[in-house]
Amino acid sequence: MEKNPYNLTFGKEPIQVISRAGQMIEITEAFRGEPASQQIFMITGVRGSGKTVFMTEAAKELSQSDEWVVVELNSSGDLLQDLAASLASENTLARIFQNASINLSLFGIGLEVKESVPISNIQVALSKMLASLKKHGKKALICIDEAIPSDNMKTFAGAFQILIRQDLPVYLLMTGLYENINNLQNEKNLTFLYRAPKIELKPLNIRNIAENYRNNFRIDTEDATEMAALTKGYPFAFQVLGYFTWKNKGDHRKALPEFRQYLEDYVYEKIWSEMSEIDRRLAYGAAKAENGRAKEIKALMEISDDEYSVYRDRLIKRGILDGSKRGYIRFTLPLFDEYVVFTYDIDKAN
């Protein structure tokens with residue numbers, strides 16, 4: 001039996017990927033420019049929107065050239081120290097730093113240069129390391145997944161701003177939920193992040209999803225289109241429906257109960273837990289109102305136009321609602337309306 005080509009693991013690059021060619025080109029062309037038109041992009045989207053996969057693809061695309069050095073950092077760690085350690089751990093780069101007499105022994109990194117005074121400031125160390133890379137025609141791409149507004153992250157962002165001002169070849173791709181990215185951007189000492197371009201991951205192209213399903217399951221266009229519509233273009237749903245349809249020998253209708261349960265257990269429960277009571281009320285109103293009519297939602301919630309606009313915009317920015325049609329809102333996540341109604345009624349009953 002052939003191996004299932006779809007993947008349920010968050011963050012792992014799947015075999016089946018629907019391209020976001022336009023946004024990929026935006027990042028790679030900006031970074032490759034001489035001079036670069038941007039040195040940072042922030043990638044946002046709802047859980048399961050493919051932020052990590054997209055960042056991984058961008059890093060892989062750039063790393064095809066020997067001039068790029070890719071470093072992945074954990075947002076909860078000491079980012080500056082981890083960056084220096086990662087750069088120094090590469091044999092080729094370590095030789096460059098040794099030849100430049102960069103002594104990092106005080107940081108426990110192990111790069112010691114005899115007759116060279118150890119550097120005691122990590123910011124100074126990174127400046128010297130990146131200046132050495134620049135002389136050798138190399139660029140450092142830093143990837144940070146699921147950034148959070150922690151003290152470590154704020155310290156790193158401040159240091160990164162200085163490295164950019166020093167005209168050093170350092171670039172940053174950072175993913176995060178809307179609220180986390182927004183909190184970082186609003187830090188008073190990190191105004192450069194506020195101006196940093198954001199890549200907001202929207203739903204995937206439905207026709208491309210249908211074509212993928214049609215080819216993999218060898219089904220007709222009508223069934224493939226029906227499958228694609230069920231996902232609403234939500235990347236995680238694309239993987240989940242494909243996975244369970246494969247498991248059910250190509251019958252997507254038999255796969256629907258598992259499809260629904262997996263989305264609820266692994267994504268929707270978490271999204272719901274992060275929503276405020278007001279967010280939940282608006283979501284409930286949107287799910288109950290006919291076709292998501294704003295007028296009916298406001299009546300159900302008994303709120304003013306101004307209040308409705310504030311709550312609606314917040315869920316739109318978080319990627320949960322789509323407000324592109326005037327006077328209406330709809331959920332971007334498949335079957336989320338049914339989950340909202342059931343969960344809200346259960347919570348209310350308890």
# chains A, B, ... in the order shown; residues from 1 in each chain; ligands from 1
$ select_by_dssp --residues "region 25-180 of chain A" --states "helix (DSSP H, G or I)" --output "ChimeraX atom specification"
/A:25-32,51-62,79-88,91-99,105-107,122-135,151-165,178-180
$ residues_around --residues "Leu80 (chain A)" --least-positions-apart "4" --cutoff "10 Å" --atoms "only C-alpha atoms" --output "list of chain:residue names"
A:Leu73, A:Ala84, A:Ala85, A:Ser86, A:Ile122, A:Gln123, A:Ala125, A:Leu126, A:Asn152, A:Met153, A:Thr155, A:Phe156, A:Ala157, A:Ala159, A:Phe160
$ closest_residue --among "A:Leu241, A:Val124, A:Asp279, A:Gly233" --to "Val310 (chain A)" --atoms "only C-alpha atoms"
A:Asp279
$ select_by_dssp --residues "region 104-212 of chain A" --states "strand (DSSP E or B)" --output "list in words"
Lys139, Ala140, Leu141, Ile142, Cys143, Ile144, Asp145, Val170, Tyr171, Leu172, Leu173, Met174, Thr175, Gly176, Lys198, Ile199 and Glu200 of chain A
$ write_last_selection --atoms "C-alpha atoms" --output "CSV table (one decimal), in the first residue's frame"
chain,number,residue,atom,x,y,z
A,139,LYS,CA,24.3,36.5,4.7
A,140,ALA,CA,22.6,35.2,7.9
A,141,LEU,CA,18.9,34.3,7.8
A,142,ILE,CA,17.3,33.9,11.3
A,143,CYS,CA,14.1,32.0,11.5
A,144,ILE,CA,12.0,32.3,14.7
A,145,ASP,CA,8.8,30.2,14.9
A,170,VAL,CA,21.3,39.8,8.9
A,171,TYR,CA,17.7,38.9,7.9
A,172,LEU,CA,14.8,37.8,10.0
A,173,LEU,CA,11.7,35.6,9.3
A,174,MET,CA,9.4,35.4,12.3
A,175,THR,CA,6.0,33.7,12.6
A,176,GLY,CA,3.4,34.3,15.3
A,198,LYS,CA,3.7,41.4,7.5
A,199,ILE,CA,2.8,38.4,5.4
A,200,GLU,CA,-0.8,37.5,6.4
$ residues_around --residues "Pro235 (chain A)" --least-positions-apart "4" --cutoff "10 Å" --atoms "only C-alpha atoms" --output "ChimeraX atom specification"
/A:17-18,47-51,201-205,209,231,239-240,333
$ write_last_selection --atoms "N, CA and C atoms" --output "CSV table (one decimal), in the first residue's frame"
chain,number,residue,atom,x,y,z
A,17,VAL,N,2.0,20.1,-0.8
A,17,VAL,CA,2.0,21.6,-0.4
A,17,VAL,C,1.3,22.4,-1.5
A,18,ILE,N,0.4,23.3,-1.1
A,18,ILE,CA,-0.2,24.2,-2.1
A,18,ILE,C,0.6,25.5,-2.1
A,47,ARG,N,-4.1,29.7,13.8
A,47,ARG,CA,-3.5,28.4,14.0
A,47,ARG,C,-3.8,27.4,12.9
A,48,GLY,N,-2.8,26.7,12.4
A,48,GLY,CA,-3.0,25.8,11.3
A,48,GLY,C,-3.0,26.4,9.9
A,49,SER,N,-2.6,27.7,9.8
A,49,SER,CA,-2.7,28.4,8.5
A,49,SER,C,-1.4,28.2,7.7
A,50,GLY,N,-0.4,27.4,8.3
A,50,GLY,CA,0.8,27.1,7.5
A,50,GLY,C,1.9,28.0,7.7
A,51,LYS,N,2.0,28.8,8.8
A,51,LYS,CA,3.0,29.8,9.0
A,51,LYS,C,4.4,29.1,9.0
A,201,LEU,N,-1.2,35.1,6.1
A,201,LEU,CA,-1.5,33.9,5.3
A,201,LEU,C,-3.0,33.8,5.2
A,202,LYS,N,-3.5,34.0,4.0
A,202,LYS,CA,-4.9,33.8,3.8
A,202,LYS,C,-5.2,32.4,3.3
A,203,PRO,N,-6.5,32.1,3.1
A,203,PRO,CA,-6.8,30.7,2.6
A,203,PRO,C,-6.1,30.4,1.3
A,204,LEU,N,-5.8,29.1,1.2
A,204,LEU,CA,-5.2,28.6,-0.1
A,204,LEU,C,-6.2,28.6,-1.2
A,205,ASN,N,-5.7,28.6,-2.4
A,205,ASN,CA,-6.5,28.6,-3.6
A,205,ASN,C,-7.3,27.3,-3.7
A,209,ILE,N,-6.3,23.3,-4.6
A,209,ILE,CA,-6.6,22.2,-3.7
A,209,ILE,C,-7.4,21.1,-4.4
A,231,THR,N,-12.8,22.3,2.8
A,231,THR,CA,-11.6,22.8,3.6
A,231,THR,C,-11.6,24.3,3.7
A,239,GLN,N,-4.8,19.2,4.7
A,239,GLN,CA,-4.0,18.0,5.1
A,239,GLN,C,-4.9,17.0,5.8
A,240,VAL,N,-5.7,17.4,6.7
A,240,VAL,CA,-6.6,16.5,7.5
A,240,VAL,C,-7.6,15.8,6.6
A,333,LEU,N,-12.8,29.1,8.9
A,333,LEU,CA,-12.4,27.8,9.3
A,333,LEU,C,-13.6,26.8,9.0
$ closest_residue --among "A:Ile40, A:Leu230, A:Ala210, A:Ala58" --to "Thr28 (chain A)" --atoms "only C-alpha atoms"
A:Ala58
